[in-house]
$ cat protein.cif   # mmCIF, C-alpha atoms
data_start
#
loop_
_atom_site.label_atom_id
_atom_site.label_comp_id
_atom_site.auth_asym_id
_atom_site.auth_seq_id
_atom_site.Cartn_x
_atom_site.Cartn_y
_atom_site.Cartn_z
CA MET M 21 -41.98 13.16 22.42
CA GLY M 22 -40.61 11.87 25.67
CA ALA M 23 -42.32 14.52 27.78
CA SER M 24 -44.01 11.86 29.88
CA GLN M 25 -40.62 10.33 30.68
CA GLY M 26 -39.20 13.69 31.63
CA MET M 27 -36.56 13.63 28.92
CA SER M 28 -36.00 15.83 25.93
CA ALA M 29 -35.15 14.39 22.54
CA SER M 30 -31.52 15.41 22.83
CA GLU M 31 -31.01 13.59 26.12
CA ILE M 32 -32.20 10.19 24.94
CA ILE M 33 -30.14 8.11 22.59
CA ALA M 34 -30.71 4.79 20.85
CA CYS M 35 -27.77 2.41 20.52
CA HIS M 36 -27.08 2.05 16.78
CA GLU M 37 -25.92 -1.54 17.32
CA CYS M 38 -28.57 -3.00 19.66
CA ASP M 39 -31.38 -0.40 19.57
CA VAL M 40 -31.68 0.04 23.36
CA LEU M 41 -32.98 3.45 24.45
CA GLN M 42 -30.95 5.12 27.14
CA ARG M 43 -30.15 8.46 28.65
CA ALA M 44 -27.14 10.10 26.95
CA PRO M 45 -24.55 10.78 29.65
CA GLU M 46 -23.40 14.35 30.21
CA GLY M 47 -19.80 15.33 30.78
CA TYR M 48 -16.58 14.19 29.15
CA GLY M 49 -15.43 10.73 28.14
CA VAL M 50 -16.51 7.82 25.97
CA ALA M 51 -20.23 7.03 26.21
CA ARG M 52 -20.94 3.33 25.80
CA CYS M 53 -24.20 1.46 25.36
CA VAL M 54 -25.49 0.07 28.68
CA ARG M 55 -26.38 -3.26 27.06
CA CYS M 56 -23.88 -4.09 24.30
CA GLY M 57 -20.98 -1.76 25.08
CA ALA M 58 -20.91 -0.13 21.61
CA VAL M 59 -19.39 3.36 21.58
CA LEU M 60 -22.27 5.86 21.40
CA PHE M 61 -20.13 8.98 21.18
CA LYS M 62 -16.97 10.59 22.55
CA ARG M 63 -16.85 13.98 24.19
CA SER M 64 -13.62 15.68 25.24
CA PRO M 65 -12.78 19.13 26.61
CA GLY M 66 -11.88 21.63 23.89
CA ALA M 67 -13.05 19.18 21.19
CA LEU M 68 -13.69 21.94 18.68
CA GLU M 69 -10.23 23.49 19.05
CA ARG M 70 -8.47 20.14 19.00
CA THR M 71 -10.42 18.96 15.96
CA LEU M 72 -9.48 22.18 14.16
CA ALA M 73 -5.81 21.95 15.17
CA TYR M 74 -5.50 18.32 14.04
CA ALA M 75 -7.46 19.01 10.84
CA LEU M 76 -5.20 21.91 9.84
CA THR M 77 -2.10 19.84 10.71
CA SER M 78 -3.45 16.93 8.65
CA ALA M 79 -4.28 19.20 5.71
CA THR M 80 -0.73 20.62 5.66
CA LEU M 81 0.83 17.15 5.89
CA PHE M 82 -1.61 15.86 3.27
CA ILE M 83 -0.53 18.50 0.75
CA ILE M 84 3.16 17.68 1.36
CA ALA M 85 2.42 13.95 1.17
CA ASN M 86 0.88 14.39 -2.26
CA ALA M 87 3.21 17.00 -3.69
CA PHE M 88 6.49 15.17 -3.06
CA PRO M 89 7.80 11.74 -4.08
CA ILE M 90 7.16 8.88 -1.65
CA VAL M 91 10.31 6.98 -2.52
CA ARG M 92 13.22 7.00 -4.96
CA LEU M 93 14.64 3.88 -6.53
CA GLU M 94 18.26 3.82 -7.75
CA LEU M 95 19.71 1.04 -9.85
CA GLN M 96 22.75 1.21 -12.15
CA GLY M 97 22.49 4.94 -12.70
CA THR M 98 18.74 4.86 -13.31
CA ARG M 99 16.54 6.79 -10.89
CA VAL M 100 12.82 6.33 -10.58
CA THR M 101 10.59 8.32 -8.24
CA THR M 102 6.86 8.37 -7.78
CA THR M 103 4.24 10.44 -6.02
CA LEU M 104 1.00 8.88 -4.81
CA ILE M 105 -1.06 10.31 -7.67
CA GLY M 106 1.71 9.35 -10.09
CA ALA M 107 1.51 5.74 -8.90
CA ALA M 108 -2.25 5.65 -9.37
CA ARG M 109 -1.87 7.14 -12.85
CA THR M 110 0.84 4.66 -13.86
CA LEU M 111 -1.50 1.83 -12.96
CA SER M 112 -4.23 3.27 -15.14
CA GLN M 113 -1.74 3.54 -18.02
CA GLN M 114 -0.71 -0.08 -17.53
CA GLY M 115 -4.24 -1.17 -18.33
CA MET M 116 -5.50 -1.46 -14.77
CA PRO M 117 -7.64 1.70 -14.42
CA GLU M 118 -9.89 -0.05 -11.86
CA ILE M 119 -7.02 -0.31 -9.38
CA GLY M 120 -5.72 3.14 -10.19
CA ILE M 121 -9.15 4.61 -9.44
CA LEU M 122 -9.55 2.56 -6.24
CA VAL M 123 -6.16 3.76 -4.97
CA PHE M 124 -6.90 7.37 -5.97
CA LEU M 125 -10.28 7.33 -4.21
CA THR M 126 -9.19 5.68 -0.95
CA THR M 127 -5.90 7.54 -0.45
CA VAL M 128 -6.36 10.92 -2.19
CA LEU M 129 -9.90 11.99 -2.99
CA ILE M 130 -11.77 10.68 0.08
CA PRO M 131 -9.20 11.81 2.70
CA ALA M 132 -9.00 15.23 0.98
CA THR M 133 -12.80 15.56 1.01
CA GLN M 134 -12.94 14.43 4.66
CA LEU M 135 -10.38 17.04 5.70
CA SER M 136 -12.05 19.84 3.70
CA ALA M 137 -15.50 19.00 5.08
CA ILE M 138 -14.31 18.98 8.69
CA ILE M 139 -12.41 22.27 8.28
CA TYR M 140 -15.48 23.76 6.55
CA LEU M 141 -17.58 22.92 9.63
CA VAL M 142 -15.15 23.56 12.45
CA LEU M 143 -13.28 26.69 11.29
CA PRO M 144 -16.33 29.04 11.26
CA LEU M 145 -17.65 27.45 14.48
CA LYS M 146 -14.44 28.39 16.24
CA TRP M 147 -15.52 32.03 15.76
CA GLY M 148 -19.11 31.31 16.60
CA ARG M 149 -20.46 31.28 13.05
CA VAL M 150 -22.60 28.34 11.97
CA PRO M 151 -21.72 27.36 8.38
CA ARG M 152 -24.44 26.60 5.85
CA GLY M 153 -25.60 23.05 5.36
CA VAL M 154 -24.33 21.55 8.65
CA ALA M 155 -26.74 18.61 8.35
CA GLU M 156 -25.73 17.76 4.77
CA VAL M 157 -22.00 18.05 5.50
CA LEU M 158 -22.25 15.91 8.66
CA ARG M 159 -24.17 13.20 6.79
CA PHE M 160 -21.62 13.31 3.99
CA ILE M 161 -18.65 12.95 6.41
CA GLU M 162 -20.34 9.99 8.06
CA GLY M 163 -20.99 8.31 4.69
CA ILE M 164 -17.44 8.49 3.32
CA GLU M 165 -15.70 7.76 6.63
CA PRO M 166 -15.10 4.00 6.11
CA TRP M 167 -13.43 4.57 2.72
CA GLY M 168 -10.47 6.75 3.69
CA MET M 169 -7.48 4.41 4.07
CA VAL M 170 -4.38 6.53 4.56
CA GLU M 171 -3.07 4.36 7.42
CA VAL M 172 -3.40 1.16 5.39
CA PHE M 173 -1.55 2.86 2.53
CA MET M 174 1.28 3.78 4.90
CA LEU M 175 1.67 0.13 5.85
CA GLY M 176 1.65 -0.74 2.13
CA VAL M 177 4.52 1.71 1.59
CA LEU M 178 6.57 0.00 4.31
CA VAL M 179 5.97 -3.48 2.83
CA SER M 180 6.93 -2.16 -0.63
CA LEU M 181 10.13 -0.61 0.74
CA VAL M 182 11.26 -3.97 2.10
CA LYS M 183 10.41 -5.72 -1.16
CA LEU M 184 12.14 -3.04 -3.24
CA ALA M 185 15.24 -3.03 -1.06
CA ALA M 186 16.00 -6.48 -2.45
CA LEU M 187 15.99 -5.10 -6.01
CA ALA M 188 17.64 -1.72 -5.79
CA HIS M 189 18.85 1.10 -3.60
CA VAL M 190 15.81 2.69 -1.96
CA VAL M 191 15.73 6.29 -0.70
CA PRO M 192 12.65 7.37 1.30
CA GLY M 193 11.16 10.64 0.04
CA ILE M 194 9.75 13.67 1.83
CA ALA M 195 6.18 12.42 1.35
CA LEU M 196 6.99 9.34 3.42
CA TRP M 197 7.70 11.51 6.47
CA ALA M 198 4.55 13.51 5.82
CA PHE M 199 2.56 10.25 5.67
CA SER M 200 4.08 9.15 8.98
CA GLY M 201 2.75 12.35 10.58
CA LEU M 202 -0.58 11.99 8.82
CA ILE M 203 -1.33 8.57 10.30
CA VAL M 204 -1.06 10.16 13.75
CA ALA M 205 -2.83 13.48 13.02
CA MET M 206 -5.84 12.10 11.11
CA PRO M 207 -6.93 9.52 13.73
CA ALA M 208 -6.40 12.19 16.42
CA MET M 209 -8.73 14.49 14.49
CA ALA M 210 -11.33 11.74 14.04
CA SER M 211 -11.15 10.96 17.75
CA ALA M 212 -11.63 14.61 18.83
CA PHE M 213 -14.41 15.25 16.31
CA ASN M 214 -17.80 14.87 18.01
CA PRO M 215 -20.66 14.96 15.50
CA ARG M 216 -23.28 14.56 18.26
CA ASP M 217 -22.57 18.01 19.67
CA LEU M 218 -22.51 19.53 16.18
CA TRP M 219 -25.91 18.02 15.42
CA ARG M 220 -27.30 20.09 18.31
CA LEU M 221 -26.73 23.15 16.11
CA VAL M 222 -29.37 21.88 13.71
CA PRO M 223 -32.81 22.88 15.05
CA VAL M 224 -35.50 20.22 15.46
CA PRO M 225 -38.86 21.53 14.23
CA GLN M 226 -41.54 20.87 16.84
CA MET A 25 -30.97 -8.94 30.36
CA ARG A 26 -34.49 -10.16 30.91
CA GLY A 27 -36.92 -7.60 29.59
CA ARG A 28 -35.01 -4.86 31.34
CA TRP A 29 -34.26 -3.11 28.10
CA LEU A 30 -36.59 -0.92 26.09
CA THR A 31 -35.62 -0.73 22.45
CA THR A 32 -36.54 2.00 19.99
CA ALA A 33 -38.62 -0.53 18.05
CA ASP A 34 -40.52 -1.60 21.23
CA ALA A 35 -41.32 2.01 22.03
CA GLY A 36 -42.67 2.67 18.53
CA LEU A 37 -39.95 5.24 17.95
CA LEU A 38 -37.38 5.64 15.20
CA ALA A 39 -33.70 6.51 15.59
CA CYS A 40 -31.97 8.43 12.82
CA HIS A 41 -28.88 6.60 11.53
CA ALA A 42 -27.27 9.90 10.53
CA CYS A 43 -27.93 12.38 13.36
CA ASP A 44 -29.02 9.99 16.18
CA LEU A 45 -32.24 11.90 16.83
CA VAL A 46 -34.96 9.70 18.32
CA SER A 47 -38.38 10.70 17.04
CA ARG A 48 -41.97 9.44 16.98
CA PRO A 49 -43.14 8.79 13.41
CA ALA A 50 -46.34 10.50 12.26
CA LYS A 51 -49.23 8.02 12.02
CA GLY A 52 -50.01 6.63 8.58
CA ALA A 53 -47.03 8.16 6.79
CA ALA A 54 -45.58 5.82 4.14
CA HIS A 55 -42.08 7.28 4.07
CA VAL A 56 -40.74 8.77 7.26
CA HIS A 57 -37.89 11.26 7.28
CA CYS A 58 -35.86 12.50 10.21
CA PRO A 59 -37.38 15.78 11.45
CA ARG A 60 -33.91 17.19 12.10
CA CYS A 61 -31.71 16.12 9.19
CA GLY A 62 -34.16 14.76 6.63
CA ALA A 63 -32.53 11.31 6.32
CA PRO A 64 -35.00 8.51 5.54
CA LEU A 65 -35.86 6.55 8.71
CA HIS A 66 -36.30 2.79 8.96
CA VAL A 67 -36.83 0.52 11.96
CA ARG A 68 -34.03 -1.70 10.60
CA LYS A 69 -31.69 -1.28 7.61
CA GLN A 70 -33.71 -2.15 4.51
CA SER A 71 -33.54 -5.81 3.36
CA SER A 72 -30.37 -6.06 5.38
CA VAL A 73 -30.06 -9.86 5.32
CA VAL A 74 -30.68 -10.22 1.57
CA ARG A 75 -28.28 -7.41 0.65
CA THR A 76 -25.56 -8.67 2.97
CA TRP A 77 -25.88 -12.19 1.53
CA ALA A 78 -25.82 -10.95 -2.07
CA LEU A 79 -22.67 -8.90 -1.56
CA LEU A 80 -21.06 -11.66 0.48
CA ILE A 81 -21.71 -14.36 -2.14
CA ALA A 82 -20.36 -12.07 -4.87
CA ALA A 83 -17.23 -11.54 -2.73
CA MET A 84 -16.84 -15.30 -2.23
CA ILE A 85 -16.99 -15.88 -5.99
CA MET A 86 -14.42 -13.15 -6.67
CA TYR A 87 -12.19 -14.59 -3.95
CA ILE A 88 -11.35 -17.53 -6.28
CA PRO A 89 -9.76 -15.50 -9.14
CA ALA A 90 -8.28 -13.15 -6.51
CA ASN A 91 -6.16 -16.03 -5.23
CA ALA A 92 -5.73 -18.11 -8.38
CA LEU A 93 -4.66 -15.34 -10.77
CA PRO A 94 -1.38 -13.42 -10.48
CA VAL A 95 -1.59 -10.04 -8.77
CA MET A 96 1.83 -9.00 -10.00
CA ASN A 97 3.87 -9.87 -13.10
CA THR A 98 7.60 -9.23 -12.87
CA ASP A 99 9.43 -9.07 -16.20
CA THR A 100 13.20 -9.42 -15.80
CA VAL A 101 16.09 -10.52 -17.98
CA PHE A 102 15.63 -13.96 -16.44
CA GLY A 103 12.09 -14.23 -17.68
CA LEU A 104 8.54 -13.52 -16.56
CA GLU A 105 7.57 -14.23 -12.98
CA ARG A 106 3.91 -14.38 -11.98
CA ASP A 107 3.09 -13.75 -8.34
CA THR A 108 -0.19 -14.63 -6.69
CA ILE A 109 -1.04 -13.31 -3.24
CA LEU A 110 0.14 -16.53 -1.60
CA SER A 111 3.40 -16.74 -3.59
CA GLY A 112 4.08 -13.12 -2.57
CA VAL A 113 3.84 -14.18 1.07
CA VAL A 114 6.07 -17.20 0.41
CA TYR A 115 8.62 -14.93 -1.26
CA LEU A 116 8.73 -12.64 1.78
CA TRP A 117 9.05 -15.67 4.07
CA THR A 118 11.93 -17.30 2.16
CA SER A 119 13.77 -14.02 1.69
CA GLY A 120 13.99 -13.75 5.47
CA SER A 121 11.55 -10.95 6.24
CA TRP A 122 9.21 -13.22 8.16
CA PRO A 123 7.56 -10.51 10.31
CA LEU A 124 6.48 -8.87 7.06
CA ALA A 125 5.41 -12.22 5.63
CA ALA A 126 3.24 -12.75 8.72
CA LEU A 127 1.75 -9.26 8.33
CA VAL A 128 0.87 -9.71 4.66
CA PHE A 129 -0.42 -13.24 5.33
CA PHE A 130 -2.69 -11.85 8.02
CA ALA A 131 -3.95 -8.82 6.04
CA SER A 132 -4.35 -10.50 2.65
CA ILE A 133 -5.29 -14.10 3.44
CA MET A 134 -6.57 -14.40 7.02
CA VAL A 135 -8.60 -11.16 7.16
CA PRO A 136 -10.69 -11.71 3.98
CA LEU A 137 -11.31 -15.38 4.89
CA LEU A 138 -12.25 -14.67 8.51
CA LYS A 139 -14.38 -11.75 7.44
CA MET A 140 -16.41 -13.86 5.00
CA LEU A 141 -16.71 -16.62 7.60
CA ALA A 142 -17.79 -14.18 10.32
CA LEU A 143 -20.44 -12.56 8.11
CA THR A 144 -21.76 -16.04 7.22
CA VAL A 145 -22.00 -16.96 10.92
CA LEU A 146 -23.75 -13.66 11.71
CA LEU A 147 -26.22 -14.03 8.83
CA VAL A 148 -27.08 -17.66 9.61
CA SER A 149 -27.53 -16.93 13.33
CA VAL A 150 -29.77 -13.94 12.57
CA GLN A 151 -31.87 -15.93 10.10
CA ARG A 152 -32.33 -18.74 12.64
CA ARG A 153 -33.30 -16.09 15.20
CA SER A 154 -30.62 -17.44 17.49
CA THR A 155 -30.40 -16.05 21.03
CA TRP A 156 -26.88 -17.42 21.47
CA ASP A 157 -24.60 -14.94 23.24
CA PRO A 158 -25.49 -11.65 21.49
CA PRO A 159 -22.63 -9.71 23.15
CA GLN A 160 -20.09 -12.09 21.57
CA ARG A 161 -21.70 -11.80 18.15
CA ALA A 162 -21.86 -8.01 18.51
CA ARG A 163 -18.13 -8.05 19.22
CA LEU A 164 -17.56 -10.23 16.15
CA TYR A 165 -19.40 -7.70 14.01
CA ARG A 166 -17.33 -4.83 15.40
CA LEU A 167 -14.17 -6.79 14.63
CA VAL A 168 -15.31 -7.39 11.03
CA GLU A 169 -16.00 -3.66 10.61
CA PHE A 170 -12.63 -2.75 12.10
CA VAL A 171 -10.28 -5.10 10.23
CA GLY A 172 -11.92 -5.03 6.78
CA ARG A 173 -10.00 -2.05 5.43
CA TRP A 174 -6.58 -3.58 6.21
CA SER A 175 -6.96 -6.05 3.34
CA MET A 176 -6.31 -3.19 0.94
CA LEU A 177 -2.64 -3.53 1.89
CA ASP A 178 -1.72 -5.74 -1.07
CA ILE A 179 -3.43 -3.41 -3.54
CA TYR A 180 -1.21 -0.55 -2.35
CA VAL A 181 1.92 -2.73 -2.46
CA VAL A 182 1.19 -3.78 -6.07
CA THR A 183 0.48 -0.15 -7.03
CA LEU A 184 3.78 1.12 -5.65
CA MET A 185 5.84 -1.76 -7.02
CA ALA A 186 4.33 -1.36 -10.49
CA ALA A 187 4.84 2.40 -10.46
CA LEU A 188 8.46 2.21 -9.33
CA VAL A 189 9.92 -0.87 -10.95
CA GLN A 190 10.18 0.35 -14.52
CA ILE A 191 13.94 0.05 -14.93
CA GLY A 192 14.18 -0.18 -18.68
CA SER A 193 15.12 -3.64 -19.86
CA LEU A 194 16.32 -4.82 -16.43
CA ALA A 195 13.03 -5.28 -14.68
CA SER A 196 9.47 -4.10 -14.95
CA ILE A 197 6.46 -4.93 -12.83
CA ARG A 198 2.88 -4.89 -14.07
CA PRO A 199 -0.25 -5.57 -12.04
CA GLY A 200 -2.14 -8.77 -12.88
CA PHE A 201 -5.87 -9.35 -13.10
CA GLY A 202 -5.77 -11.02 -9.69
CA ALA A 203 -5.25 -7.56 -8.19
CA VAL A 204 -8.52 -6.32 -9.71
CA ALA A 205 -10.35 -9.39 -8.35
CA PHE A 206 -8.75 -8.92 -4.93
CA GLY A 207 -9.68 -5.23 -4.79
CA THR A 208 -13.23 -6.21 -5.71
CA VAL A 209 -13.32 -8.72 -2.82
CA VAL A 210 -12.23 -6.05 -0.34
CA VAL A 211 -14.80 -3.53 -1.59
CA LEU A 212 -17.62 -6.11 -1.72
CA THR A 213 -16.95 -7.42 1.80
CA MET A 214 -16.86 -3.85 3.11
CA PHE A 215 -20.22 -3.07 1.49
CA SER A 216 -21.53 -6.40 2.81
CA ALA A 217 -20.53 -5.53 6.39
CA LEU A 218 -22.07 -2.05 6.00
CA SER A 219 -25.38 -3.58 4.82
CA PHE A 220 -25.60 -5.85 7.85
CA ASP A 221 -27.77 -4.47 10.65
CA PRO A 222 -26.25 -5.49 14.02
CA ARG A 223 -29.56 -4.76 15.75
CA LEU A 224 -30.88 -7.97 14.16
CA ILE A 225 -28.54 -9.87 16.50
CA TRP A 226 -30.51 -8.56 19.49
CA ASP A 227 -34.03 -8.71 18.05
CA PRO A 228 -34.77 -12.37 18.97
CA LEU A 229 -34.38 -11.40 22.65
CA ARG A 230 -37.35 -9.03 22.29
CA ALA A 231 -39.63 -11.73 20.97
CA LYS A 232 -38.53 -14.14 23.68
CA HIS A 233 -38.96 -11.88 26.67
CA GLY A 234 -41.43 -9.35 25.29
#
$ encode --input "protein.cif" --output "structure tokens"
Amino acid sequence: MGASQGMSASEIIACHECDVLQRAPEGYGVARCVRCGAVLFKRSPGALERTLAYALTSATLFIIANAFPIVRLELQGTRVTTTLIGAARTLSQQGMPEIGILVFLTTVLIPATQLSAIIYLVLPLKWGRVPRGVAEVLRFIEGIEPWGMVEVFMLGVLVSLVKLAALAHVVPGIALWAFSGLIVAMPAMASAFNPRDLWRLVPVPQ
Amino acid sequence: MRGRWLTTADAGLLACHACDLVSRPAKGAAHVHCPRCGAPLHVRKQSSVVRTWALLIAAMIMYIPANALPVMNTDTVFGLERDTILSGVVYLWTSGSWPLAALVFFASIMVPLLKMLALTVLLVSVQRRSTWDPPQRARLYRLVEFVGRWSMLDIYVVTLMAALVQIGSLASIRPGFGAVAFGTVVVLTMFSALSFDPRLIWDPLRAKHG
């Protein structure tokens, strides 16, 4: 298609918000729709390397954030600590499995899957190897993207700390620092990640 | 913007929602799939308006128990205290942490309300084929998509409080059914916003100037 207009299929792009056809700009920067201003895609120099660096940083922080307690509560000689998974499990045991599952999905399972999927794609590409199932993995990443909520959870931790400080002595745990790093590293990874250029690896049958 | 724009639908083409490839559908095919990634292709999201309404109305119904029922029950030596979302905000306000009270008020009360209102406005305007300021309505939709997730804040607060405050006979916190209803509202409104097709905002312009 598009031969009569002198464009190839990879050069033309339809805005996903207002459907206007336009030429996809070359070069670096944020490409916006000419009519409605929606972000079409972002392209930055060294995107692959930066995505990989942020993804590996995020994965390391994510493991620490889940392995260590978020906060410790001390009151009259009693000490209570919890990890993120521990908190989700406690809720399930208290007869609220729906909330426990929702918390587990949005803060543990989905971010972990996101990170693994991006590393699975980007790590081999760094050494010029195209991993199997690029199309499926890219579609999967796109589908789960709205449901990872690590940054909202971090804000929830801060609100809880203030509320708990009124009840007992509160000591922030190692995981809290890991979460603080994670809310910087994960958005940086998402911002560097450019699915449009990865889709070019998938051949279009003519 | 008078007929200057050629949309994918005008051109008889289809854009893939997953990989962005623009392709020409084969003539007479009942179900069209993207030639590159195999995702099913549609001119617009399927039954977008009906699905968005259904999820939105369900969210509106669940919004009532989400606010009326306690989200958190605190059991102390002084008795049982039941906190709704609003009383949680009031507690933060009266205990002096008013920036936090403002934050929770915004995330838990303003955001869900404004989100349901915004989706209603978008749906009604699309159904009336309104041509009123599409750029503004497109911005409204982007805002709804962006802020929706932040309503999960209270769910995380309840989770952490309930997990940590188990200090024997002194105090224990258990989540209330209001938290389940509230979580349902957040998930339903997110699905509702995802079902809405923002291209419908711009479609009446095609009919008018085409």
$ atom_distance --input "protein.cif" --atom1 "CA of Ala188 in chain M" --atom2 "CA of Val128 in chain A"
21.3 Å
$ resolve_selection --input "protein.cif" --expression "the PyMOL selection byres ((chain M) within 6 of (chain A))" --output "list in words"
Glu37, Cys38, Asp39, Val40, Leu41, Cys56, Ala107, Thr110, Ala155, Arg159, Val172, Phe173, Gly176, Ser180 and Val224 of chain M
$ resolve_selection --input "protein.cif" --expression "the PyMOL selection byres ((chain M and resi 74) around 12)" --output "MDAnalysis selection string"
chainID M and resid 67:73 75:82 135 138:139 142:143 201:213
$ atom_distance --input "protein.cif" --atom1 "CA of Arg99 in chain M" --atom2 "CA of Thr100 in chain A"
17.3 Å
$ axis_aligned_box --input "protein.cif" --around "range 152-156 of chain A" --padding-each-side "5 Å" --output "lines of an AutoDock Vina configuration file"
center_x = -30.1
center_y = -17.4
center_z = 17.1
size_x = 16.4
size_y = 12.7
size_z = 18.8
$ atom_distance --input "protein.cif" --atom1 "CA of Ser216 in chain A" --atom2 "CA of Met96 in chain A"
26.8 Å
$ closest_residue --input "protein.cif" --among "A:Ile85, A:Leu93, A:Val171, A:Val114" --to "Phe129 in chain A" --atoms "all atoms listed in the file"
A:Val114
$ resolve_selection --input "protein.cif" --expression "the PyMOL selection byres ((chain M and resi 217) around 12)" --output "count of residues only"
29
$ decode --input "protein.cif" --residues "range 50-75 of chain A" --atoms "C-alpha atoms" --output "mmCIF file, in the first residue's frame"
data_model
loop_
_atom_site.group_PDB
_atom_site.id
_atom_site.type_symbol
_atom_site.label_atom_id
_atom_site.label_comp_id
_atom_site.auth_asym_id
_atom_site.auth_seq_id
_atom_site.Cartn_x
_atom_site.Cartn_y
_atom_site.Cartn_z
ATOM 1 C CA ALA A 50 -8.258 -7.596 1.860
ATOM 2 C CA LYS A 51 -11.630 -7.204 0.127
ATOM 3 C CA GLY A 52 -14.491 -9.304 1.457
ATOM 4 C CA ALA A 53 -12.663 -10.699 4.470
ATOM 5 C CA ALA A 54 -14.938 -11.014 7.524
ATOM 6 C CA HIS A 55 -12.219 -10.885 10.169
ATOM 7 C CA VAL A 56 -9.121 -8.885 9.402
ATOM 8 C CA HIS A 57 -5.853 -9.457 11.212
ATOM 9 C CA CYS A 58 -2.746 -7.316 11.219
ATOM 10 C CA PRO A 59 -0.339 -8.653 8.572
ATOM 11 C CA ARG A 60 2.625 -7.958 10.854
ATOM 12 C CA CYS A 61 1.591 -8.976 14.363
ATOM 13 C CA GLY A 62 -1.652 -10.875 13.856
ATOM 14 C CA ALA A 63 -3.766 -8.697 16.185
ATOM 15 C CA PRO A 64 -7.420 -8.426 15.137
ATOM 16 C CA LEU A 65 -8.059 -5.114 13.345
ATOM 17 C CA HIS A 66 -11.125 -2.915 13.728
ATOM 18 C CA VAL A 67 -11.933 0.540 12.363
ATOM 19 C CA ARG A 68 -12.972 1.543 15.910
ATOM 20 C CA LYS A 69 -12.804 -0.334 19.229
ATOM 21 C CA GLN A 70 -15.683 -2.814 19.225
ATOM 22 C CA SER A 71 -18.968 -1.584 20.790
ATOM 23 C CA SER A 72 -16.885 1.028 22.542
ATOM 24 C CA VAL A 73 -19.776 3.223 23.721
ATOM 25 C CA VAL A 74 -21.880 0.348 25.095
ATOM 26 C CA ARG A 75 -18.949 -1.268 26.912
#
